[in-house]
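Asks: Input structure: upload11.pdb, which contains PDB, C-alpha atoms.
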ATOM      1  CA  MET P   1      -2.876  29.937 -13.101
ATOM      2  CA  ILE P   2      -5.708  27.936 -11.561
ATOM      3  CA  ILE P   3      -5.084  25.071  -9.144
ATOM      4  CA  VAL P   4      -7.590  22.220  -9.319
ATOM      5  CA  THR P   5      -7.222  19.846  -6.384
ATOM      6  CA  GLY P   6      -8.567  16.387  -7.061
ATOM      7  CA  GLY P   7      -7.946  17.336 -10.678
ATOM      8  CA  ALA P   8      -7.635  13.718 -11.781
ATOM      9  CA  GLY P   9     -10.864  12.740 -10.052
ATOM     10  CA  PHE P  10     -14.434  12.794 -11.284
ATOM     11  CA  ILE P  11     -15.593  16.381 -10.822
ATOM     12  CA  GLY P  12     -12.051  17.775 -10.778
ATOM     13  CA  SER P  13     -11.138  16.402 -14.209
ATOM     14  CA  ALA P  14     -14.510  17.532 -15.554
ATOM     15  CA  MET P  15     -13.638  21.021 -14.316
ATOM     16  CA  VAL P  16     -10.297  20.871 -16.145
ATOM     17  CA  TRP P  17     -12.256  19.860 -19.249
ATOM     18  CA  LYS P  18     -14.546  22.860 -18.764
ATOM     19  CA  LEU P  19     -11.600  25.238 -18.347
ATOM     20  CA  ASN P  20     -10.040  23.798 -21.507
ATOM     21  CA  THR P  21     -13.239  24.439 -23.475
ATOM     22  CA  MET P  22     -13.024  28.033 -22.230
ATOM     23  CA  GLY P  23      -9.504  28.275 -23.709
ATOM     24  CA  PHE P  24      -7.691  27.979 -20.393
ATOM     25  CA  ASP P  25      -4.869  25.477 -19.900
ATOM     26  CA  ASN P  26      -2.516  27.087 -17.347
ATOM     27  CA  ILE P  27      -3.789  24.629 -14.766
ATOM     28  CA  LEU P  28      -1.891  22.952 -11.935
ATOM     29  CA  ILE P  29      -3.483  19.603 -11.151
ATOM     30  CA  VAL P  30      -3.117  18.432  -7.560
ATOM     31  CA  ASP P  31      -4.049  14.870  -6.689
ATOM     32  CA  ASN P  32      -2.911  11.529  -5.320
ATOM     33  CA  LEU P  33      -3.011   9.130  -8.251
ATOM     34  CA  GLY P  34      -2.084   6.066  -6.196
ATOM     35  CA  HIS P  35      -2.859   2.738  -7.833
ATOM     36  CA  GLU P  36      -6.233   3.684  -9.291
ATOM     37  CA  GLU P  37      -6.847   4.290 -12.966
ATOM     38  CA  LYS P  38      -8.076   7.845 -12.525
ATOM     39  CA  TRP P  39      -4.916   8.991 -14.346
ATOM     40  CA  LYS P  40      -6.841   8.078 -17.507
ATOM     41  CA  ASN P  41      -9.139  11.038 -16.798
ATOM     42  CA  LEU P  42      -6.201  13.320 -17.641
ATOM     43  CA  THR P  43      -5.146  11.850 -20.988
ATOM     44  CA  GLY P  44      -7.455  14.013 -23.101
ATOM     45  CA  LEU P  45      -6.989  17.233 -21.122
ATOM     46  CA  ARG P  46      -4.589  20.186 -21.310
ATOM     47  CA  TYR P  47      -2.800  21.359 -18.162
ATOM     48  CA  SER P  48       0.574  22.847 -17.253
ATOM     49  CA  ASP P  49       1.754  20.605 -14.410
ATOM     50  CA  TYR P  50       0.894  17.973 -11.805
ATOM     51  CA  LEU P  51       1.688  18.010  -8.077
ATOM     52  CA  HIS P  52       1.021  15.424  -5.389
ATOM     53  CA  ARG P  53      -1.357  16.610  -2.677
ATOM     54  CA  ASP P  54       1.238  16.185   0.076
ATOM     55  CA  GLN P  55       3.737  18.302  -1.865
ATOM     56  CA  LEU P  56       1.174  21.089  -2.109
ATOM     57  CA  MET P  57       0.499  20.944   1.624
ATOM     58  CA  VAL P  58       4.229  21.228   2.382
ATOM     59  CA  ALA P  59       4.652  24.103  -0.083
ATOM     60  CA  LEU P  60       1.783  26.105   1.411
ATOM     61  CA  ASP P  61       2.697  25.305   5.011
ATOM     62  CA  GLN P  62       6.358  26.245   4.735
ATOM     63  CA  SER P  63       6.334  29.168   2.301
ATOM     64  CA  GLU P  64       6.225  32.675   3.723
ATOM     65  CA  LYS P  65       4.804  34.021   0.470
ATOM     66  CA  ASN P  66       2.692  32.656  -2.379
ATOM     67  CA  PRO P  67       4.876  30.077  -4.198
ATOM     68  CA  PHE P  68       2.615  30.103  -7.275
ATOM     69  CA  GLU P  69       3.128  33.152  -9.492
ATOM     70  CA  GLY P  70      -0.035  34.380 -11.186
ATOM     71  CA  LEU P  71      -2.341  32.137  -9.167
ATOM     72  CA  GLN P  72      -5.928  33.363  -9.549
ATOM     73  CA  ALA P  73      -8.034  30.610  -8.035
ATOM     74  CA  ILE P  74      -8.087  27.278  -6.249
ATOM     75  CA  VAL P  75     -10.919  24.949  -7.198
ATOM     76  CA  HIS P  76     -10.842  22.454  -4.342
ATOM     77  CA  MET P  77     -12.335  19.125  -5.398
ATOM     78  CA  GLY P  78      -9.655  17.024  -3.705
ATOM     79  CA  ALA P  79     -11.265  14.989  -0.940
ATOM     80  CA  CYS P  80     -12.287  11.456  -0.117
ATOM     81  CA  SER P  81     -15.859  11.239  -1.428
ATOM     82  CA  SER P  82     -16.721   7.780  -0.136
ATOM     83  CA  THR P  83     -19.853   7.881   2.003
ATOM     84  CA  THR P  84     -18.885   4.481   3.446
ATOM     85  CA  GLU P  85     -15.345   5.458   4.548
ATOM     86  CA  THR P  86     -14.955   4.598   8.249
ATOM     87  CA  ASP P  87     -11.445   5.963   8.886
ATOM     88  CA  ALA P  88     -12.483   9.135  10.681
ATOM     89  CA  GLU P  89      -8.905  10.345  11.243
ATOM     90  CA  PHE P  90      -8.194  10.069   7.520
ATOM     91  CA  LEU P  91     -11.311  12.077   6.694
ATOM     92  CA  MET P  92     -10.459  14.730   9.284
ATOM     93  CA  SER P  93      -6.997  15.160   7.762
ATOM     94  CA  ASN P  94      -7.832  14.756   4.073
ATOM     95  CA  ASN P  95     -11.202  16.515   3.944
ATOM     96  CA  TYR P  96     -11.225  18.951   6.859
ATOM     97  CA  ARG P  97      -7.649  20.052   7.645
ATOM     98  CA  PHE P  98      -6.565  20.180   4.008
ATOM     99  CA  SER P  99      -9.560  22.372   3.165
ATOM    100  CA  GLN P 100      -8.745  24.700   6.070
ATOM    101  CA  LEU P 101      -5.155  25.084   4.886
ATOM    102  CA  LEU P 102      -6.228  25.933   1.334
ATOM    103  CA  ALA P 103      -8.894  28.386   2.491
ATOM    104  CA  LYS P 104      -6.471  30.242   4.773
ATOM    105  CA  PHE P 105      -3.842  30.439   2.044
ATOM    106  CA  SER P 106      -6.362  31.667  -0.522
ATOM    107  CA  LEU P 107      -7.756  34.430   1.664
ATOM    108  CA  GLN P 108      -4.293  35.589   2.758
ATOM    109  CA  ASN P 109      -3.159  35.880  -0.870
ATOM    110  CA  GLY P 110      -6.273  37.243  -2.567
ATOM    111  CA  VAL P 111      -6.915  33.966  -4.398
ATOM    112  CA  ARG P 112     -10.450  32.880  -5.314
ATOM    113  CA  PHE P 113     -11.416  29.747  -3.354
ATOM    114  CA  ILE P 114     -14.166  27.363  -4.472
ATOM    115  CA  ASN P 115     -14.756  24.367  -2.231
ATOM    116  CA  ALA P 116     -16.677  21.134  -2.739
ATOM    117  CA  SER P 117     -19.120  20.582   0.083
ATOM    118  CA  SER P 118     -21.888  17.977  -0.220
ATOM    119  CA  GLY P 119     -25.583  17.301   0.003
ATOM    120  CA  ALA P 120     -24.556  14.535   2.436
ATOM    121  CA  THR P 121     -24.319  17.258   5.092
ATOM    122  CA  TYR P 122     -28.141  17.281   5.237
ATOM    123  CA  GLY P 123     -28.291  13.820   6.801
ATOM    124  CA  ASP P 124     -31.752  12.259   6.725
ATOM    125  CA  GLY P 125     -33.307  15.501   5.495
ATOM    126  CA  SER P 126     -35.390  16.019   8.634
ATOM    127  CA  GLN P 127     -33.957  19.552   8.992
ATOM    128  CA  GLY P 128     -34.711  20.384   5.370
ATOM    129  CA  PHE P 129     -32.271  21.166   2.571
ATOM    130  CA  ASN P 130     -31.989  24.942   2.810
ATOM    131  CA  ASP P 131     -28.495  26.351   2.264
ATOM    132  CA  ASP P 132     -28.856  29.036   4.934
ATOM    133  CA  ILE P 133     -26.860  29.558   8.121
ATOM    134  CA  GLN P 134     -29.708  28.593  10.451
ATOM    135  CA  THR P 135     -30.131  25.187   8.809
ATOM    136  CA  MET P 136     -26.403  24.586   8.454
ATOM    137  CA  ARG P 137     -25.823  24.956  12.190
ATOM    138  CA  VAL P 138     -28.258  22.182  13.194
ATOM    139  CA  LEU P 139     -27.521  19.522  10.585
ATOM    140  CA  LYS P 140     -26.563  15.985  11.605
ATOM    141  CA  PRO P 141     -24.956  14.054   8.725
ATOM    142  CA  LEU P 142     -25.488  10.292   8.592
ATOM    143  CA  ASN P 143     -21.878   9.403   7.763
ATOM    144  CA  MET P 144     -18.365  10.611   8.498
ATOM    145  CA  TYR P 145     -17.879  11.877   4.950
ATOM    146  CA  GLY P 146     -20.840  14.234   5.284
ATOM    147  CA  TYR P 147     -19.641  15.284   8.737
ATOM    148  CA  SER P 148     -16.161  16.167   7.418
ATOM    149  CA  LYS P 149     -17.782  18.462   4.859
ATOM    150  CA  GLN P 150     -20.100  19.946   7.462
ATOM    151  CA  LEU P 151     -17.150  20.689   9.756
ATOM    152  CA  PHE P 152     -15.434  22.841   7.138
ATOM    153  CA  ASP P 153     -18.561  24.896   6.446
ATOM    154  CA  LEU P 154     -19.073  25.444  10.179
ATOM    155  CA  TRP P 155     -15.418  26.359  10.670
ATOM    156  CA  ALA P 156     -15.598  28.932   7.857
ATOM    157  CA  TYR P 157     -18.741  30.354   9.450
ATOM    158  CA  ARG P 158     -17.159  30.635  12.904
ATOM    159  CA  GLN P 159     -14.050  32.245  11.403
ATOM    160  CA  GLY P 160     -16.214  34.866   9.718
ATOM    161  CA  ILE P 161     -14.878  33.977   6.268
ATOM    162  CA  LEU P 162     -17.863  32.173   4.781
ATOM    163  CA  GLN P 163     -18.809  35.262   2.777
ATOM    164  CA  ALA P 164     -15.295  35.469   1.320
ATOM    165  CA  LEU P 165     -15.291  32.026  -0.327
ATOM    166  CA  VAL P 166     -17.604  29.588  -2.093
ATOM    167  CA  SER P 167     -18.647  26.204  -0.696
ATOM    168  CA  LEU P 168     -20.908  24.176  -2.972
ATOM    169  CA  LYS P 169     -23.206  21.434  -1.683
ATOM    170  CA  PHE P 170     -23.287  18.977  -4.579
ATOM    171  CA  PHE P 171     -26.199  16.574  -4.678
ATOM    172  CA  ASN P 172     -26.244  13.310  -6.716
ATOM    173  CA  VAL P 173     -23.740  13.916  -9.504
ATOM    174  CA  TYR P 174     -23.411  11.611 -12.513
ATOM    175  CA  GLY P 175     -21.407  11.824 -15.708
ATOM    176  CA  PRO P 176     -18.191  10.907 -17.528
ATOM    177  CA  ASN P 177     -14.820  10.382 -15.783
ATOM    178  CA  GLU P 178     -16.283   8.633 -12.735
ATOM    179  CA  TYR P 179     -15.140   5.164 -13.858
ATOM    180  CA  HIS P 180     -12.396   4.800 -11.221
ATOM    181  CA  LYS P 181     -14.775   5.298  -8.291
ATOM    182  CA  GLY P 182     -15.845   1.664  -7.838
ATOM    183  CA  ASP P 183     -18.875   1.388  -5.548
ATOM    184  CA  MET P 184     -19.131   5.202  -5.465
ATOM    185  CA  MET P 185     -19.875   5.448  -9.201
ATOM    186  CA  SER P 186     -23.295   6.831 -10.036
ATOM    187  CA  VAL P 187     -26.149   4.414 -10.620
ATOM    188  CA  VAL P 188     -26.194   5.583 -14.254
ATOM    189  CA  CYS P 189     -22.718   4.173 -14.776
ATOM    190  CA  LYS P 190     -23.446   0.995 -12.806
ATOM    191  CA  ALA P 191     -26.752   0.557 -14.599
ATOM    192  CA  HIS P 192     -25.155   0.759 -18.039
ATOM    193  CA  LYS P 193     -22.792  -2.096 -17.161
ATOM    194  CA  GLN P 194     -25.500  -4.202 -15.489
ATOM    195  CA  ILE P 195     -27.868  -3.800 -18.409
ATOM    196  CA  THR P 196     -25.113  -4.512 -20.930
ATOM    197  CA  ASP P 197     -24.065  -7.670 -19.064
ATOM    198  CA  THR P 198     -27.440  -9.048 -17.943
ATOM    199  CA  GLY P 199     -30.254  -7.048 -19.522
ATOM    200  CA  THR P 200     -31.561  -6.278 -16.015
ATOM    201  CA  LEU P 201     -31.011  -3.458 -13.508
ATOM    202  CA  LYS P 202     -31.089  -4.090  -9.765
ATOM    203  CA  LEU P 203     -32.395  -1.398  -7.414
ATOM    204  CA  PHE P 204     -32.849  -1.426  -3.643
ATOM    205  CA  ARG P 205     -36.357  -2.123  -2.457
ATOM    206  CA  SER P 206     -37.997   0.344  -0.095
ATOM    207  CA  TYR P 207     -38.339  -0.246   3.643
ATOM    208  CA  ARG P 208     -40.795   2.571   4.216
ATOM    209  CA  ASP P 209     -44.531   2.397   3.607
ATOM    210  CA  ASP P 210     -44.614   5.893   2.111
ATOM    211  CA  TYR P 211     -42.177   4.966  -0.683
ATOM    212  CA  GLY P 212     -42.704   2.176  -3.178
ATOM    213  CA  ASN P 213     -39.825   0.116  -4.539
ATOM    214  CA  GLY P 214     -37.665   2.339  -6.707
ATOM    215  CA  GLU P 215     -39.718   5.388  -5.768
ATOM    216  CA  GLN P 216     -37.080   6.763  -3.391
ATOM    217  CA  LYS P 217     -36.063  10.169  -4.735
ATOM    218  CA  ARG P 218     -32.800  11.977  -5.389
ATOM    219  CA  ASP P 219     -31.791  15.268  -6.954
ATOM    220  CA  PHE P 220     -29.677  13.957  -9.844
ATOM    221  CA  ILE P 221     -27.437  16.544 -11.506
ATOM    222  CA  TYR P 222     -25.224  16.120 -14.575
ATOM    223  CA  VAL P 223     -21.528  16.848 -14.043
ATOM    224  CA  LYS P 224     -21.528  19.272 -16.990
ATOM    225  CA  ASP P 225     -23.994  21.428 -15.045
ATOM    226  CA  ILE P 226     -21.741  21.232 -11.983
ATOM    227  CA  VAL P 227     -18.727  22.601 -13.843
ATOM    228  CA  ASP P 228     -20.859  25.296 -15.496
ATOM    229  CA  VAL P 229     -21.803  26.500 -12.015
ATOM    230  CA  MET P 230     -18.167  26.517 -10.852
ATOM    231  CA  ALA P 231     -17.049  28.367 -13.976
ATOM    232  CA  TRP P 232     -19.715  30.977 -13.268
ATOM    233  CA  PHE P 233     -18.396  31.466  -9.727
ATOM    234  CA  LEU P 234     -14.887  31.923 -11.106
ATOM    235  CA  GLU P 235     -16.201  34.690 -13.339
ATOM    236  CA  ASN P 236     -18.341  36.278 -10.596
ATOM    237  CA  PRO P 237     -16.124  36.867  -7.545
ATOM    238  CA  HIS P 238     -18.821  38.959  -5.857
ATOM    239  CA  ALA P 239     -20.895  35.811  -5.241
ATOM    240  CA  ASN P 240     -19.829  33.985  -2.085
ATOM    241  CA  GLY P 241     -21.159  31.686   0.641
ATOM    242  CA  VAL P 242     -22.648  28.204   0.820
ATOM    243  CA  PHE P 243     -24.844  27.161  -2.107
ATOM    244  CA  ASN P 244     -26.817  24.064  -3.014
ATOM    245  CA  VAL P 245     -25.975  22.712  -6.456
ATOM    246  CA  GLY P 246     -28.691  20.420  -7.736
ATOM    247  CA  THR P 247     -31.491  20.709 -10.259
ATOM    248  CA  GLY P 248     -34.065  21.629  -7.634
ATOM    249  CA  LYS P 249     -36.250  18.724  -8.753
ATOM    250  CA  ALA P 250     -36.150  15.284  -7.110
ATOM    251  CA  ARG P 251     -36.628  12.264  -9.390
ATOM    252  CA  THR P 252     -37.132   8.596  -8.544
ATOM    253  CA  TRP P 253     -34.673   5.762  -9.059
ATOM    254  CA  ASN P 254     -37.263   4.280 -11.403
ATOM    255  CA  ASP P 255     -37.117   7.476 -13.487
ATOM    256  CA  LEU P 256     -33.352   7.177 -13.695
ATOM    257  CA  ALA P 257     -33.532   3.491 -14.568
ATOM    258  CA  ASN P 258     -36.048   4.117 -17.340
ATOM    259  CA  ALA P 259     -33.854   6.913 -18.707
ATOM    260  CA  VAL P 260     -30.860   4.559 -18.930
ATOM    261  CA  PHE P 261     -32.880   1.807 -20.635
ATOM    262  CA  ALA P 262     -34.276   4.354 -23.113
ATOM    263  CA  ALA P 263     -30.813   5.758 -23.896
ATOM    264  CA  MET P 264     -29.596   2.200 -24.536
ATOM    265  CA  GLY P 265     -32.611   1.438 -26.733
ATOM    266  CA  ARG P 266     -33.904  -1.325 -24.448
ATOM    267  CA  GLU P 267     -37.143  -2.147 -22.698
ATOM    268  CA  PRO P 268     -36.995  -1.601 -18.908
ATOM    269  CA  LYS P 269     -36.339  -4.683 -16.793
ATOM    270  CA  ILE P 270     -35.866  -3.841 -13.103
ATOM    271  CA  GLU P 271     -35.301  -6.205 -10.163
ATOM    272  CA  TYR P 272     -35.686  -4.939  -6.595
ATOM    273  CA  ILE P 273     -33.202  -6.394  -4.118
ATOM    274  CA  ASP P 274     -32.589  -6.259  -0.364
ATOM    275  CA  MET P 275     -30.553  -3.355   0.974
ATOM    276  CA  PRO P 276     -27.483  -4.317   3.053
ATOM    277  CA  ASP P 277     -28.176  -4.051   6.781
ATOM    278  CA  HIS P 278     -25.409  -1.494   7.362
ATOM    279  CA  LEU P 279     -27.063   0.941   4.932
ATOM    280  CA  ARG P 280     -30.684   0.753   6.077
ATOM    281  CA  GLU P 281     -30.363   3.200   8.966
ATOM    282  CA  LYS P 282     -28.250   5.626   6.927
ATOM    283  CA  TYR P 283     -30.274   5.613   3.727
ATOM    284  CA  GLN P 284     -31.767   8.855   2.412
ATOM    285  CA  TYR P 285     -35.228   8.362   0.914
ATOM    286  CA  PHE P 286     -35.516  11.907  -0.408
ATOM    287  CA  THR P 287     -33.091  14.659  -1.375
ATOM    288  CA  GLN P 288     -33.847  17.850  -3.243
ATOM    289  CA  ALA P 289     -31.716  20.945  -3.546
ATOM    290  CA  PRO P 290     -33.504  24.279  -3.216
ATOM    291  CA  VAL P 291     -31.535  26.525  -5.589
ATOM    292  CA  ASP P 292     -33.201  29.854  -4.787
ATOM    293  CA  LYS P 293     -30.007  31.170  -3.205
ATOM    294  CA  LEU P 294     -27.954  30.243  -6.283
ATOM    295  CA  ARG P 295     -30.504  31.941  -8.531
ATOM    296  CA  SER P 296     -30.550  35.032  -6.311
ATOM    297  CA  ALA P 297     -26.761  35.234  -6.599
ATOM    298  CA  GLY P 298     -27.218  35.592 -10.362
ATOM    299  CA  TYR P 299     -26.839  32.117 -11.860
ATOM    300  CA  LYS P 300     -29.449  31.877 -14.625
ATOM    301  CA  ALA P 301     -28.538  28.831 -16.740
ATOM    302  CA  GLU P 302     -31.045  25.989 -16.874
ATOM    303  CA  PHE P 303     -30.107  22.563 -15.531
ATOM    304  CA  THR P 304     -30.045  19.552 -17.816
ATOM    305  CA  PRO P 305     -33.187  17.393 -17.477
ATOM    306  CA  LEU P 306     -32.471  13.870 -16.215
ATOM    307  CA  GLU P 307     -33.431  12.120 -19.457
ATOM    308  CA  GLN P 308     -31.284  14.480 -21.553
ATOM    309  CA  GLY P 309     -28.258  14.191 -19.280
ATOM    310  CA  VAL P 310     -28.468  10.407 -19.115
ATOM    311  CA  ARG P 311     -28.761  10.187 -22.888
ATOM    312  CA  ASP P 312     -25.703  12.373 -23.442
ATOM    313  CA  TYR P 313     -23.724  10.321 -20.919
ATOM    314  CA  VAL P 314     -24.764   6.967 -22.356
ATOM    315  CA  VAL P 315     -24.607   7.769 -26.073
ATOM    316  CA  ASN P 316     -21.538  10.024 -26.158
ATOM    317  CA  TYR P 317     -19.448   8.351 -23.436
ATOM    318  CA  LEU P 318     -20.536   5.007 -21.958
ATOM    319  CA  ASN P 319     -21.345   3.446 -25.345
ATOM    320  CA  LYS P 320     -17.870   4.245 -26.669
ATOM    321  CA  ASP P 321     -14.596   2.356 -26.311
ATOM    322  CA  ASP P 322     -12.923   5.520 -24.976
ATOM    323  CA  PRO P 323     -15.499   7.084 -22.621
ATOM    324  CA  TYR P 324     -13.325   9.902 -21.233
ATOM    325  CA  MET P 325     -13.849  13.644 -21.637
ATOM    326  CA  ASP P 326     -11.461  14.966 -24.285
ATOM    327  CA  THR P 327     -10.580  18.513 -25.321
ATOM    328  CA  TYR P 328      -7.592  17.840 -27.558
ATOM    329  CA  GLY P 329      -9.882  17.353 -30.519
ATOM    330  CA  ASP P 330     -11.864  20.552 -29.903
TER     331      ASP P 330
END
For the file at hand, write its structure as structure tokens.

Replies:
Amino acid sequence: MIIVTGGAGFIGSAMVWKLNTMGFDNILIVDNLGHEEKWKNLTGLRYSDYLHRDQLMVALDQSEKNPFEGLQAIVHMGACSSTTETDAEFLMSNNYRFSQLLAKFSLQNGVRFINASSGATYGDGSQGFNDDIQTMRVLKPLNMYGYSKQLFDLWAYRQGILQALVSLKFFNVYGPNEYHKGDMMSVVCKAHKQITDTGTLKLFRSYRDDYGNGEQKRDFIYVKDIVDVMAWFLENPHANGVFNVGTGKARTWNDLANAVFAAMGREPKIEYIDMPDHLREKYQYFTQAPVDKLRSAGYKAEFTPLEQGVRDYVVNYLNKDDPYMDTYGD
């Protein structure tokens, strides 16, 4: 058995899809479906059972022994991923404490633990983007979400268990099954709708002289690459620690916009708009994930180029009436 927390969410459901393509369906999905439509992410996937997050926390907190027979791994994608969430207590409980509980349980029971950290831990990037201990200890995230992820990595380091688990710093992820995320959907997904509805894509203008409008850069990574990396860590239990997961190559918002227009067969039409005041001081103008550490650990697969990933996403998912990942037909 493999537990996937956040298994109905964006990356979590993509990971279930990946496990299904590998022939694995003894999967316990843990989530909080609430009133969102992320349940639709599950309709094309194979899994053995579903459990509410709170029920899992009670089961692990009260059981003297492992209540899950045959459990091999916990892939922990279950967290609030909103960079604009302001309820700090909620983030401390949902992102930090829950992760601690799962990590402790996993290590006590010999269960592989793979955790979702975030590139948001790097803050404004002034300390660099290296996934080493020295950098990790001095980072100052720009939002509470990034701080909640940073706290877990630091806790694991102080506990001396960081080399017994995997914590992955995801950069800008895009791809199918993100449709329930509202404002937190990738710009690829938002762009497809904007272009379909209006023929135009709106991007934030730059407020720095060293970056032109739309020339702010991000390390965009396709969700199918993300789950390939996690599957590799499941199959390589010797590899542990904190790792960046990005392509290692920053691209501009204009590059991304042009890729979406091209995938939709349209000429680019971009409008640059004012950034909301509350975002201006917290906006990252550049992110790029050094992946040397991941490569040194043994991961050799190439990452999907931006144009290729966007095309696959647009043509095989966003352009279709049913855009969800599906393994029942495989």

Asks: Taking 6 positions as the minimum chain separation for residues in the same chain, which residues sit within 12 Å of P:Asp228 when counting all atoms listed in the file? Answer as a ChimeraX atom specification.

Replies: /P:11,14-19,21-22,221-222,234-235,245,299-304

Asks: Grab the atom CA of P:Met185 to atom CA of P:Gly212 distance for me, in Å with one decimal place.

Replies: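 Here the two named atoms are 23.8 Å from each other.
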
Asks: Residues at most 9 Å from P:Asn20, counting all atoms listed in the file, excluding those fewer than 6 positions away in the same chain, as a VMD selection string?

Replies: chain P and resid 45 to 47 327 to 328

Asks: When you look at stretch 214-220 of chain P with a cut-off of 7 Å (counting only C-alpha atoms), what residues show up, excluding the ones that are within fewer than 6 positions of it in the same chain? I need them as a list of chain:residue names.

Replies: P:Phe171, P:Asn172, P:Val173, P:Leu203, P:Phe204, P:Arg205, P:Ser206, P:Gly246, P:Thr247, P:Gly248, P:Lys249, P:Ala250, P:Arg251, P:Thr252, P:Trp253, P:Asn254, P:Tyr285, P:Phe286, P:Thr287, P:Gln288, P:Ala289, P:Leu306

Asks: From the list P:Ala79, P:Ile27, P:Leu201, P:Val4, which residue is nearest P:Ser117 when using only C-alpha atoms?

Replies: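 Among the listed residues, the smallest separation from P:Ser117 belongs to P:Ala79.
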
Asks: If we count all atoms listed in the file and set the cut-off at 9 Å, which residues sit around stretch 88-102 of chain P, ignoring sequence neighbours fewer than 3 positions away in its own chain? Please answer as a list in words.

Replies: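 Residues meeting the cut-off are Met57, Leu60, Asp61, Ile74, His76, Gly78, Ala79, Cys80, Ser81, Glu85, Phe105, Ser106, Leu107, Phe113, Asn115, Met144, Tyr145, Ser148, Lys149, Gln150, Leu151, Phe152, Trp155 and Ala156 of chain P.
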
Asks: Run the PyMOL selection byres ((chain P and resi 140) around 6) mentally over the shown coordinates, then write out the matched residues as a PyMOL selection string, using the chain letters and numbers from the document.

Replies: chain P and resi 123+139+141

Asks: Work out how far atom CA of P:Met77 is from atom CA of P:Ser48, in Å to one decimal.

Replies: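 These two atoms are separated by 17.9 Å.
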
Asks: Counting only C-alpha atoms, what is within 10 Å of P:Ile133, bar same-chain residues fewer than 6 positions away, as a count of residues only?

Replies: 6

Asks: Please determine, counting all atoms listed in the file, which residue among P:Asn143, P:Ser296, P:Ser82, P:Asn244 has the shortest atom-to-atom distance to P:Ser118.

Replies: P:Asn244
